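What's in input-v7.cif: mmCIF, C-alpha atoms
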```cif
data_my_file
#
loop_
_atom_site.label_atom_id
_atom_site.label_comp_id
_atom_site.auth_asym_id
_atom_site.auth_seq_id
_atom_site.Cartn_x
_atom_site.Cartn_y
_atom_site.Cartn_z
CA MET A 1 0.00 0.00 0.00
CA THR A 2 1.15 3.55 -0.79
CA LEU A 3 0.55 6.46 1.58
CA ILE A 4 0.52 9.91 -0.01
CA PHE A 5 1.52 12.42 2.66
CA ALA A 6 0.04 15.61 1.23
CA GLY A 7 1.24 18.90 2.69
CA THR A 8 4.75 17.90 3.70
CA SER A 9 5.94 21.46 4.34
CA PHE A 10 4.05 21.13 7.64
CA ILE A 11 6.12 18.20 8.93
CA PHE A 12 9.79 17.23 9.17
CA GLY A 13 11.89 14.07 9.14
CA LEU A 14 10.69 12.74 5.80
CA ASP A 15 13.44 10.11 5.64
CA ASP A 16 12.42 8.84 9.07
CA ILE A 17 8.76 8.72 8.04
CA ALA A 18 9.61 6.84 4.84
CA ARG A 19 11.68 4.34 6.85
CA ALA A 20 8.87 3.82 9.38
CA CYS A 21 6.42 3.22 6.54
CA ARG A 22 8.71 0.67 4.87
CA ASN A 23 8.96 -1.19 8.16
CA ARG A 24 5.16 -1.40 8.17
CA GLY A 25 5.13 -2.66 4.57
CA TRP A 26 4.00 0.67 3.08
CA ASN A 27 5.45 2.94 0.45
CA ALA A 28 5.53 6.68 1.24
CA VAL A 29 5.08 9.45 -1.32
CA PHE A 30 5.50 13.08 -0.22
CA VAL A 31 3.46 15.74 -1.97
CA GLU A 32 3.06 19.50 -1.68
CA ALA A 33 1.08 22.14 -3.53
CA PRO A 34 3.11 24.13 -6.08
CA PHE A 35 2.44 27.49 -4.42
CA ILE A 36 4.44 26.31 -1.40
CA GLN A 37 7.57 26.22 -3.59
CA ARG A 38 8.00 29.95 -3.15
CA TYR A 39 9.16 29.18 0.39
CA GLY A 40 11.81 26.85 -1.02
CA PHE A 41 12.79 24.78 2.02
CA MET A 42 11.40 22.21 4.37
CA ASN A 43 12.60 20.99 7.76
CA ASP A 44 14.67 17.84 7.99
CA ALA A 45 14.62 15.48 10.95
CA SER A 46 17.10 17.59 12.89
CA GLY A 47 15.05 20.73 12.48
CA GLY A 48 17.62 22.37 10.19
CA GLN A 49 16.57 23.95 6.93
CA GLN A 50 17.37 21.56 4.08
CA PRO A 51 15.99 21.37 0.53
CA CYS A 52 13.89 18.26 0.03
CA ALA A 53 14.34 16.77 -3.44
CA ASP A 54 11.95 13.87 -2.81
CA VAL A 55 8.79 15.96 -2.60
CA VAL A 56 6.44 15.95 -5.59
CA TYR A 57 5.29 19.53 -6.06
CA SER A 58 1.93 19.03 -7.71
CA ASP A 59 -1.73 19.19 -6.76
CA ASP A 60 -2.96 17.93 -10.12
CA TRP A 61 -4.61 14.55 -9.65
CA ASP A 62 -3.63 13.26 -13.10
CA ALA A 63 0.01 14.16 -12.53
CA LEU A 64 0.04 12.62 -9.05
CA GLN A 65 -1.18 9.29 -10.43
CA GLU A 66 2.25 8.95 -12.06
CA HIS A 67 3.82 8.82 -8.58
CA ALA A 68 1.37 6.66 -6.66
CA ALA A 69 -0.04 3.17 -7.08
CA PRO A 70 -3.77 2.58 -7.62
CA ASP A 71 -4.14 1.47 -3.99
CA ALA A 72 -2.74 4.77 -2.67
CA VAL A 73 -4.29 6.47 0.37
CA LEU A 74 -4.11 10.25 0.67
CA ILE A 75 -3.17 11.54 4.15
CA PRO A 76 -3.80 15.31 4.45
CA LEU A 77 -1.30 17.22 6.58
CA SER A 78 -2.59 20.76 6.08
CA GLU A 79 -5.78 22.74 5.63
CA TYR A 80 -5.24 23.00 1.87
CA TRP A 81 -5.14 19.24 1.46
CA ILE A 82 -8.17 18.78 3.70
CA SER A 83 -9.97 21.00 1.18
CA ARG A 84 -8.69 18.93 -1.74
CA CYS A 85 -9.88 15.71 -0.08
CA THR A 86 -13.44 16.67 -0.99
CA ASP A 87 -12.71 17.13 -4.71
CA ALA A 88 -15.04 15.32 -7.07
CA GLY A 89 -13.27 12.55 -8.96
CA ILE A 90 -10.25 12.25 -6.68
CA PRO A 91 -8.45 9.10 -7.93
CA PHE A 92 -7.12 7.97 -4.56
CA ALA A 93 -8.69 6.67 -1.39
CA VAL A 94 -8.89 9.40 1.26
CA GLY A 95 -7.50 8.52 4.70
CA PRO A 96 -9.95 10.46 6.89
CA GLY A 97 -13.63 9.58 6.50
CA PRO A 98 -16.49 12.00 5.79
CA ASP A 99 -17.26 12.75 9.46
CA ALA A 100 -13.66 13.70 10.19
CA LEU A 101 -13.48 15.90 7.09
CA ARG A 102 -16.76 17.63 7.94
CA ALA A 103 -15.76 18.13 11.58
CA SER A 104 -12.56 19.81 10.35
CA ARG A 105 -14.67 22.41 8.58
CA SER A 106 -17.47 22.93 11.11
CA LYS A 107 -16.98 23.32 14.85
CA THR A 108 -20.76 23.13 15.22
CA PHE A 109 -20.76 19.67 13.63
CA LEU A 110 -17.70 18.73 15.72
CA TYR A 111 -19.44 19.63 18.98
CA GLU A 112 -22.70 17.96 17.94
CA THR A 113 -20.93 14.73 16.96
CA LEU A 114 -18.86 14.52 20.13
CA SER A 115 -21.79 15.48 22.37
CA ALA A 116 -23.96 12.76 20.82
CA ALA A 117 -21.30 10.27 21.94
CA GLY A 118 -21.44 11.54 25.52
CA ILE A 119 -18.23 13.56 25.28
CA PRO A 120 -18.27 16.93 27.11
CA VAL A 121 -18.05 19.96 24.79
CA PRO A 122 -18.42 23.72 25.35
CA ALA A 123 -21.97 24.99 25.70
CA THR A 124 -23.08 26.98 22.66
CA TYR A 125 -25.49 29.88 22.21
CA ALA A 126 -28.10 29.89 19.46
CA ASP A 127 -28.01 33.63 18.83
CA LEU A 128 -26.60 36.95 20.00
CA GLN A 129 -29.38 37.49 22.51
CA ALA A 130 -28.64 34.21 24.26
CA ALA A 131 -24.96 35.15 24.35
CA ARG A 132 -25.77 38.63 25.71
CA SER A 133 -27.82 37.08 28.50
CA ALA A 134 -24.93 34.78 29.45
CA ILE A 135 -22.51 37.72 29.47
CA ALA A 136 -24.90 39.79 31.58
CA ALA A 137 -24.90 36.92 34.08
CA GLY A 138 -21.10 37.14 34.30
CA SER A 139 -20.02 34.55 31.71
CA ARG A 140 -17.36 34.97 29.05
CA ILE A 141 -18.09 33.98 25.45
CA VAL A 142 -15.77 32.75 22.71
CA VAL A 143 -16.67 34.14 19.28
CA LYS A 144 -15.13 32.23 16.37
CA PRO A 145 -15.73 31.45 12.69
CA ASP A 146 -17.39 28.06 12.47
CA GLY A 147 -15.09 26.72 9.76
CA LEU A 148 -11.69 28.39 10.08
CA PHE A 149 -8.40 27.38 11.71
CA SER A 150 -5.26 28.68 13.47
CA GLY A 151 -7.15 31.10 15.68
CA TYR A 152 -8.33 33.30 12.83
CA GLY A 153 -11.24 35.49 13.97
CA VAL A 154 -11.35 34.12 17.53
CA GLU A 155 -12.28 36.73 20.15
CA ILE A 156 -13.27 36.58 23.82
CA VAL A 157 -16.16 38.71 25.04
CA GLY A 158 -17.11 39.20 28.69
CA PRO A 159 -18.81 41.82 30.87
CA GLU A 160 -15.84 44.15 30.40
CA ASN A 161 -16.26 44.35 26.58
CA ALA A 162 -19.87 43.21 26.13
CA GLY A 163 -20.52 46.01 23.65
CA ASP A 164 -18.12 44.41 21.17
CA LEU A 165 -20.08 41.15 20.85
CA GLU A 166 -22.00 42.01 17.68
CA MET A 167 -18.93 43.53 16.00
CA HIS A 168 -16.83 40.43 16.67
CA ALA A 169 -19.65 38.14 15.52
CA LEU A 170 -20.07 40.00 12.23
CA LYS A 171 -16.33 39.88 11.57
CA ALA A 172 -16.14 36.17 12.38
CA ALA A 173 -19.07 35.32 10.11
CA GLY A 174 -17.46 36.82 7.02
CA LEU A 175 -13.74 36.53 7.69
CA LYS A 176 -11.52 36.08 4.65
CA ASN A 177 -7.77 36.48 4.35
CA ASN A 178 -4.84 35.26 2.27
CA ALA A 179 -4.65 31.97 4.17
CA THR A 180 -8.31 31.12 3.59
CA LYS A 181 -7.93 31.86 -0.13
CA LEU A 182 -4.73 29.83 -0.53
CA PHE A 183 -6.08 26.88 1.42
CA GLN A 184 -9.54 27.06 -0.21
CA VAL A 185 -11.35 27.32 3.12
CA GLU A 186 -14.73 29.02 3.39
CA SER A 187 -16.63 29.89 6.54
CA THR A 188 -19.86 31.87 6.54
CA ASP A 189 -21.18 31.03 10.00
CA VAL A 190 -20.17 32.13 13.47
CA LEU A 191 -20.04 29.96 16.57
CA LEU A 192 -20.77 31.42 20.01
CA SER A 193 -19.61 29.14 22.81
CA GLU A 194 -18.77 29.29 26.48
CA HIS A 195 -15.27 30.18 27.55
CA ILE A 196 -13.91 27.30 29.62
CA ALA A 197 -11.35 28.11 32.28
CA GLY A 198 -8.45 25.69 32.64
CA ILE A 199 -5.18 24.63 31.06
CA GLU A 200 -5.18 24.43 27.26
CA TYR A 201 -3.39 21.62 25.45
CA SER A 202 -2.72 20.68 21.85
CA ALA A 203 -2.24 17.10 20.65
CA ASP A 204 -1.66 15.16 17.45
CA CYS A 205 -2.81 11.56 17.09
CA TRP A 206 -2.27 8.90 14.41
CA ILE A 207 -5.26 6.71 13.54
CA CYS A 208 -4.67 3.45 11.67
CA GLY A 209 -6.91 0.38 11.57
CA GLY A 210 -8.91 1.52 14.58
CA THR A 211 -5.75 1.96 16.70
CA VAL A 212 -5.02 5.42 18.09
CA THR A 213 -1.43 6.44 18.84
CA VAL A 214 -0.77 9.79 20.51
CA VAL A 215 1.94 11.51 18.47
CA ARG A 216 2.65 14.39 20.84
CA VAL A 217 1.04 16.59 23.51
CA CYS A 218 1.85 20.24 24.16
CA ARG A 219 0.78 22.41 27.09
CA LYS A 220 -0.05 26.01 26.16
CA HIS A 221 0.36 29.25 28.07
CA LEU A 222 -2.08 31.89 26.82
CA ALA A 223 -2.65 35.60 27.23
CA VAL A 224 -5.61 37.66 26.01
CA ILE A 225 -4.31 40.50 23.83
CA ASN A 226 -6.95 42.93 22.52
CA ASP A 227 -9.74 40.39 23.16
CA LYS A 228 -7.88 37.58 21.36
CA PRO A 229 -6.41 34.48 23.08
CA CYS A 230 -2.74 34.31 22.07
CA THR A 231 -0.18 31.60 22.75
CA ILE A 232 2.92 32.93 24.47
CA ALA A 233 4.55 29.59 25.26
CA VAL A 234 4.16 25.91 24.36
CA GLU A 235 5.71 23.07 26.37
CA TYR A 236 6.30 19.78 24.54
CA ILE A 237 5.64 17.29 27.33
CA PRO A 238 5.32 13.54 27.85
CA VAL A 239 1.75 12.38 27.24
CA PRO A 240 -0.17 12.56 30.53
CA ASP A 241 -1.72 9.16 31.30
CA THR A 242 -5.08 10.81 31.99
CA HIS A 243 -5.16 12.21 28.44
CA ARG A 244 -4.76 8.96 26.52
CA ASP A 245 -8.27 7.53 26.90
CA PRO A 246 -10.11 10.80 26.11
CA LEU A 247 -7.98 11.41 23.02
CA ALA A 248 -8.65 7.86 21.82
CA ALA A 249 -12.38 8.27 22.46
CA TRP A 250 -12.53 11.50 20.48
CA CYS A 251 -10.68 9.88 17.57
CA ARG A 252 -12.91 6.81 17.51
CA THR A 253 -15.99 9.05 17.51
CA LEU A 254 -14.81 11.10 14.53
CA PHE A 255 -13.06 8.41 12.46
CA GLY A 256 -14.26 5.12 11.04
CA ALA A 257 -12.62 1.77 11.80
CA ASP A 258 -10.86 1.73 8.41
CA ASP A 259 -9.74 5.38 8.39
CA MET A 260 -6.05 6.29 8.30
CA SER A 261 -5.18 9.85 9.28
CA PHE A 262 -3.56 12.27 11.65
CA ALA A 263 -5.83 14.18 14.03
CA GLN A 264 -5.07 17.45 15.77
CA PHE A 265 -7.02 18.53 18.85
CA ASP A 266 -7.03 21.63 21.03
CA TYR A 267 -8.62 20.96 24.40
CA ILE A 268 -9.02 22.28 27.93
CA ASP A 269 -8.23 20.48 31.17
CA ARG A 270 -10.74 22.02 33.57
CA GLY A 271 -9.74 19.76 36.46
CA SER A 272 -12.67 17.35 36.40
CA ASP A 273 -12.37 16.37 32.73
CA LEU A 274 -10.90 17.25 29.34
CA VAL A 275 -13.00 19.29 26.89
CA PRO A 276 -12.15 19.35 23.16
CA ILE A 277 -12.56 22.80 21.61
CA ASP A 278 -11.09 22.35 18.13
CA PHE A 279 -10.12 19.59 15.70
CA ALA A 280 -8.72 18.99 12.23
CA CYS A 281 -7.74 15.78 10.41
CA ARG A 282 -4.13 16.92 9.90
CA VAL A 283 -1.06 17.63 12.01
CA GLY A 284 -0.76 20.72 14.18
CA GLY A 285 0.96 23.62 12.47
CA GLY A 286 3.51 26.19 13.59
CA MET A 287 5.58 23.98 15.90
CA LYS A 288 8.17 22.27 13.69
CA THR A 289 11.03 24.07 15.43
CA LEU A 290 9.78 22.88 18.82
CA LEU A 291 8.85 19.29 17.94
CA SER A 292 12.00 18.56 15.95
CA THR A 293 14.18 19.06 19.04
CA ALA A 294 13.32 15.54 20.22
CA GLY A 295 13.31 13.59 16.93
CA CYS A 296 10.56 12.82 14.43
CA CYS A 297 7.38 12.24 16.43
CA TYR A 298 5.39 11.36 13.30
CA ALA A 299 7.71 8.54 12.28
CA ALA A 300 7.77 7.26 15.86
CA ALA A 301 3.96 7.12 15.96
CA ILE A 302 3.75 5.31 12.62
CA ALA A 303 6.30 2.82 13.97
CA LYS A 304 4.15 2.38 17.12
CA GLU A 305 7.04 3.64 19.27
CA PRO A 306 5.96 7.14 20.39
CA LEU A 307 8.66 9.53 21.55
CA VAL A 308 9.06 10.72 25.13
CA PRO A 309 10.43 14.28 24.85
CA VAL A 310 12.52 14.33 28.03
CA ASP A 311 16.31 14.57 28.34
CA ALA A 312 18.54 12.84 30.87
CA GLY A 313 18.07 15.70 33.33
CA GLY A 314 14.27 15.51 33.20
CA ALA A 315 13.82 18.63 31.04
CA HIS A 316 11.44 18.92 28.10
CA PRO A 317 11.39 21.32 25.11
CA MET A 318 9.56 24.64 25.28
CA LEU A 319 8.85 27.28 22.65
CA VAL A 320 8.23 30.90 23.61
CA ASN A 321 6.70 33.41 21.18
CA PHE A 322 7.53 37.11 21.05
CA LEU A 323 4.27 39.05 20.55
CA THR A 324 3.21 42.70 20.58
CA THR A 325 0.20 44.57 21.96
CA THR A 326 0.42 47.38 19.38
CA SER A 327 0.20 47.42 15.59
CA GLY A 328 2.81 49.37 13.66
CA TYR A 329 6.45 49.21 12.66
CA LEU A 330 8.84 47.40 14.94
CA THR A 331 11.64 49.52 16.41
CA THR A 332 13.33 46.90 18.59
CA ASP A 333 15.53 43.97 17.66
CA ALA A 334 14.05 40.98 19.51
CA ALA A 335 17.51 39.47 19.91
CA THR A 336 18.55 42.39 22.15
CA LEU A 337 15.68 42.06 24.61
CA PRO A 338 16.51 40.87 28.15
CA ALA A 339 13.99 38.03 27.75
CA ALA A 340 16.00 36.69 24.81
CA ALA A 341 19.38 37.33 26.41
CA ALA A 342 18.40 35.20 29.40
CA TYR A 343 18.30 32.13 27.13
CA THR A 344 21.24 32.95 24.84
CA THR A 345 23.36 30.03 26.04
CA THR A 346 20.59 27.44 26.35
CA GLY A 347 18.03 28.32 23.70
CA LYS A 348 17.67 28.78 19.95
CA LEU A 349 16.28 32.17 18.91
CA THR A 350 14.65 32.58 15.49
CA VAL A 351 13.71 36.13 14.46
CA TYR A 352 10.89 36.63 11.95
CA LYS A 353 10.26 40.38 12.26
CA HIS A 354 13.07 42.93 12.20
CA PRO A 355 13.16 46.66 12.98
CA GLY A 356 11.13 48.41 10.30
CA ASP A 357 8.85 45.43 9.65
CA TYR A 358 5.11 45.81 10.20
CA VAL A 359 3.71 43.89 13.18
CA THR A 360 0.13 43.34 14.31
CA SER A 361 -1.45 43.79 17.72
CA ASN A 362 -3.99 41.07 17.02
CA PRO A 363 -1.88 37.98 16.34
CA SER A 364 -3.90 34.98 15.22
CA SER A 365 -1.36 32.41 14.14
CA ALA A 366 2.29 31.43 14.16
CA ALA A 367 2.83 33.78 11.21
CA SER A 368 2.16 36.78 13.47
CA ARG A 369 4.97 36.22 15.96
CA LEU A 370 7.98 38.53 16.00
CA ALA A 371 10.39 35.77 17.01
CA ASP A 372 10.41 32.49 18.86
CA LEU A 373 12.78 30.87 21.28
CA VAL A 374 13.19 27.12 21.81
CA THR A 375 14.82 25.91 25.00
CA TRP A 376 14.61 23.02 27.47
CA THR A 377 12.99 23.35 30.88
CA ALA A 378 12.15 21.09 33.80
CA GLU A 379 9.40 23.36 35.11
CA ALA A 380 6.47 25.33 33.73
CA PRO A 381 7.41 28.99 33.16
CA ALA A 382 6.16 31.62 35.61
CA PRO A 383 3.61 34.15 34.25
CA GLU A 384 5.92 37.06 35.01
CA THR A 385 8.66 35.40 32.98
CA LEU A 386 6.38 35.00 29.97
CA GLY A 387 5.14 38.57 30.28
CA ALA A 388 8.59 39.79 29.23
CA PHE A 389 8.01 38.30 25.77
CA VAL A 390 5.00 40.55 25.05
CA LEU A 391 6.22 43.87 23.67
CA GLY A 392 4.31 47.07 24.45
CA ALA A 393 3.82 50.31 22.51
CA GLU A 394 7.33 51.52 23.34
CA HIS A 395 8.72 48.97 20.88
CA VAL A 396 6.42 49.91 17.96
CA ARG A 397 6.11 53.05 15.84
CA ARG A 398 2.65 53.86 14.47
CA GLY A 399 3.79 55.30 11.15
CA LYS A 400 6.84 54.86 8.95
#
```
Can you turn what I pasted into structure tokens?
Amino acid sequence: MTLIFAGTSFIFGLDDIARACRNRGWNAVFVEAPFIQRYGFMNDASGGQQPCADVVYSDDWDALQEHAAPDAVLIPLSEYWISRCTDAGIPFAVGPGPDALRASRSKTFLYETLSAAGIPVPATYADLQAARSAIAAGSRIVVKPDGLFSGYGVEIVGPENAGDLEMHALKAAGLKNNATKLFQVESTDVLLSEHIAGIEYSADCWICGGTVTVVRVCRKHLAVINDKPCTIAVEYIPVPDTHRDPLAAWCRTLFGADDMSFAQFDYIDRGSDLVPIDFACRVGGGMKTLLSTAGCCYAAAIAKEPLVPVDAGGAHPMLVNFLTTTSGYLTTDAATLPAAAAYTTTGKLTVYKHPGDYVTSNPSSAASRLADLVTWTAEAPAPETLGAFVLGAEHVRRGK
């Protein structure tokens, strides 16, 4: 059997993945859309930037049939390839089934499907008036596009900004940007749901023949910047034992017994249980630099030997994002900040925005960060430590 891994710019360690597939008796073909070629490079297993000559840059089904056997199964790794999985006349079997594909494009359907299986999900509000009543009673509401990804259009509304509810809902219902156009994602509905307090996690799973393998789990540290939940830090941690059964239950609810796919979940640990808040039948994006520090987690999962990202001293990898609270033109070199200097000898700093570059005060995805820092830690970071990575107005100039 041939597995077509479609969207390989979102993963790393292709040689390791190919080797793991061969050991399972499968052939691996790596595919990416041509428009990704403008970026030119893809991560290797060590996390370094290396050109990958083995990737087929094509999204034309006729052309791809020259590289894959008739029994090939398409495994989407990105939002673009999830969109292409619903093409009419696709010549390959599609790894994720129809429920998983639909749940990737509708959080309403995701919540309804999980709830019908007895899985706890956030409460939702049928209309603005119901949401206003909840806010008036002291609740906080999450406003998000029903079908988008990567935090686009997500806002938090509570008693302190209740007057912004309708504005945020209108924006979420019609949100379009370059990413949605490139990835062929449409969302015309808005979802109003309860804000659940607790610790947020992100996880990838691998589903094959009804067996669920947890690929990786990350613990997030969030801050609300201009009404938007933003990730300041992500810890790549060993899989908590209490997370395995819920993750497996969510996968078995969304996937069929014969499906083969990755699954990415965002979820909240509220102390008494775990509550899934988002899902897509792909791998999580924006964390290659972090995940590659401990080897290829995808290959390990395919080989049924999941990685444990802990070094001999008990430390695990952590990624910290540099963000800003003000839109404008950056005046500060992130590498010179005390927060970066504190990790100079132990961490790897990657700068994306330089003085003179435009930055946004409403970051919604990994593409919005000014820089990131990957290091190893044995303890969760203190809030005051993470606060140093959020730049205020003194580091941004409004006009050129």
For this session: Would you kindly translate the PyMOL selection byres ((chain A and resi 260) around 7) into the concrete residues it picks from this file, as a PyMOL selection string?
Result: chain A and resi 95-96+207-209+258-259+261
To test your reading of the syntax: which residues would the PyMOL selection byres ((chain A and resi 353) around 12) return for the file shown? Reply as a compact mmCIF listing (two decimals) with C-alpha atoms, in the frame of the given file.
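Generated output (result35.txt):
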```
# COMPACT_ATOMS: atom_id res chain seq x y z
CA ASN A 321 6.70 33.41 21.18
CA PHE A 322 7.53 37.11 21.05
CA LEU A 323 4.27 39.05 20.55
CA THR A 324 3.21 42.70 20.58
CA GLY A 328 2.81 49.37 13.66
CA TYR A 329 6.45 49.21 12.66
CA LEU A 330 8.84 47.40 14.94
CA THR A 331 11.64 49.52 16.41
CA THR A 332 13.33 46.90 18.59
CA ASP A 333 15.53 43.97 17.66
CA ALA A 334 14.05 40.98 19.51
CA ALA A 335 17.51 39.47 19.91
CA THR A 350 14.65 32.58 15.49
CA VAL A 351 13.71 36.13 14.46
CA TYR A 352 10.89 36.63 11.95
CA HIS A 354 13.07 42.93 12.20
CA PRO A 355 13.16 46.66 12.98
CA GLY A 356 11.13 48.41 10.30
CA ASP A 357 8.85 45.43 9.65
CA TYR A 358 5.11 45.81 10.20
CA VAL A 359 3.71 43.89 13.18
CA THR A 360 0.13 43.34 14.31
CA ALA A 367 2.83 33.78 11.21
CA SER A 368 2.16 36.78 13.47
CA ARG A 369 4.97 36.22 15.96
CA LEU A 370 7.98 38.53 16.00
CA ALA A 371 10.39 35.77 17.01
CA ASP A 372 10.41 32.49 18.86
CA VAL A 396 6.42 49.91 17.96
```
Seminar exercise, completed: Residue with the minimum atom-to-atom distance to Ile302 (chain A), picked from A:Ser83, A:Thr213, A:Ser58, A:Gln129 with only C-alpha atoms counted, is A:Thr213
Exercise. Mind telling me what the PyMOL selection byres ((chain A and resi 24) around 12) catches here, as an MDAnalysis selection string?
Worked result: chainID A and resid 1:3 17:23 25:28 208 299:304
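Between CA of Ser272 (chain A) and CA of Leu291 (chain A) there is a distance of 28.4 Å.
Of the listed residues (A:Ile90, A:Ala100, A:Val310, A:Ala197), A:Ala197 comes nearest to Val142 (chain A); the distances count only C-alpha atoms.
The residue that comes closest to Leu110 (chain A), out of A:Thr253, A:Thr211, A:Thr231, A:Ser78 and on the basis of all atoms listed in the file, is A:Thr253.
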Exercise. CA of Arg219 (chain A) to CA of Ala263 (chain A): how many Å, to one decimal?
Worked result: 16.8 Å
Any chance you could work out the axis-aligned box around region 125-128 of chain A, listed atoms only, 4 Å on each side, giving centre and edge lengths in Å to one decimal, as JSON?
```
{"center_x": -26.8, "center_y": 33.4, "center_z": 20.5, "size_x": 10.6, "size_y": 15.1, "size_z": 11.4}
```
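Here the question is which of A:Thr113, A:Gln264, A:Thr377, A:Thr86 gets nearest to Leu74 (chain A) using all atoms listed in the file, and that residue is A:Thr86.
Across the model, the gap from CA of Ser193 (chain A) to CA of Tyr125 (chain A) is 6.0 Å.
Nearest-residue note for Cys296 (chain A): choosing from A:Gly153, A:Gly13, A:Pro76, A:Pro276, the minimum distance belongs to A:Gly13, counting only C-alpha atoms.
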For this session: Go through A:Arg84, A:Asn226, A:His221, A:Lys144 one by one, measure the shortest atom-to-atom distance of each to Asn161 (chain A) using all atoms listed in the file, and give the residue with the smallest value.
Result: A:Asn226
Counting only C-alpha atoms, give me one row per residue of region 89-153 of chain A with an atom at most 9 Å from an atom of region 167-175 of chain A, showing the shortest contact pair and its distance in Å to one decimal, sorted by chain then residue number, as a tab-separated table.
```
residue	atom	partner	partner_atom	distance
A:Leu128	CA	A:Ala169	CA	8.4
A:Val143	CA	A:Ala169	CA	6.2
A:Lys144	CA	A:Ala172	CA	5.7
A:Pro145	CA	A:Ala172	CA	4.7
A:Asp146	CA	A:Ala173	CA	7.8
A:Leu148	CA	A:Leu175	CA	8.7
A:Tyr152	CA	A:Leu175	CA	8.1
A:Gly153	CA	A:Ala172	CA	5.2
```
How about saving the chosen residues, C-alpha atoms kept, as an mmCIF file, in the coordinates of the input?
```
data_model
loop_
_atom_site.group_PDB
_atom_site.id
_atom_site.type_symbol
_atom_site.label_atom_id
_atom_site.label_comp_id
_atom_site.auth_asym_id
_atom_site.auth_seq_id
_atom_site.Cartn_x
_atom_site.Cartn_y
_atom_site.Cartn_z
ATOM 1 C CA LEU A 128 -26.600 36.950 20.000
ATOM 2 C CA VAL A 143 -16.670 34.140 19.280
ATOM 3 C CA LYS A 144 -15.130 32.230 16.370
ATOM 4 C CA PRO A 145 -15.730 31.450 12.690
ATOM 5 C CA ASP A 146 -17.390 28.060 12.470
ATOM 6 C CA LEU A 148 -11.690 28.390 10.080
ATOM 7 C CA TYR A 152 -8.330 33.300 12.830
ATOM 8 C CA GLY A 153 -11.240 35.490 13.970
#
```
Exercise. Leaving out Phe92 (chain A) and any residue of its chain fewer than 2 positions from it, which residues lie within 9 Å of it when counting all atoms listed in the file, given as a ChimeraX atom specification?
Worked result: /A:61,65,68-74,89-90,94
Problem set entry | Shell around Gly7 (chain A) at 10 Å using only C-alpha atoms, local window under 2 positions removed, as an NGL selection string | :A and (4-5 or 9-11 or 30-33 or 36 or 55 or 57 or 59 or 75-82 or 282-283)
Problem set entry | His195 (chain A) surroundings by all atoms listed in the file, 12 Å radius, close-in-sequence under 6 positions cut, as a VMD selection string | chain A and resid 121 to 125 131 134 to 135 138 to 144 154 to 158 229 267 to 268 270 275 277
Mind checking which residues fall within 12 Å of Ala117 (chain A), counting all atoms listed in the file, ignoring those fewer than 2 positions away in the same chain, and posting them as a CSV table (one decimal) with C-alpha atoms, in the frame of the given file?
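Saved the output as selection.csv:
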```csv
chain,number,residue,atom,x,y,z
A,110,LEU,CA,-17.7,18.7,15.7
A,111,TYR,CA,-19.4,19.6,19.0
A,112,GLU,CA,-22.7,18.0,17.9
A,113,THR,CA,-20.9,14.7,17.0
A,114,LEU,CA,-18.9,14.5,20.1
A,115,SER,CA,-21.8,15.5,22.4
A,119,ILE,CA,-18.2,13.6,25.3
A,120,PRO,CA,-18.3,16.9,27.1
A,121,VAL,CA,-18.0,20.0,24.8
A,246,PRO,CA,-10.1,10.8,26.1
A,249,ALA,CA,-12.4,8.3,22.5
A,250,TRP,CA,-12.5,11.5,20.5
A,251,CYS,CA,-10.7,9.9,17.6
A,252,ARG,CA,-12.9,6.8,17.5
A,253,THR,CA,-16.0,9.0,17.5
A,254,LEU,CA,-14.8,11.1,14.5
```
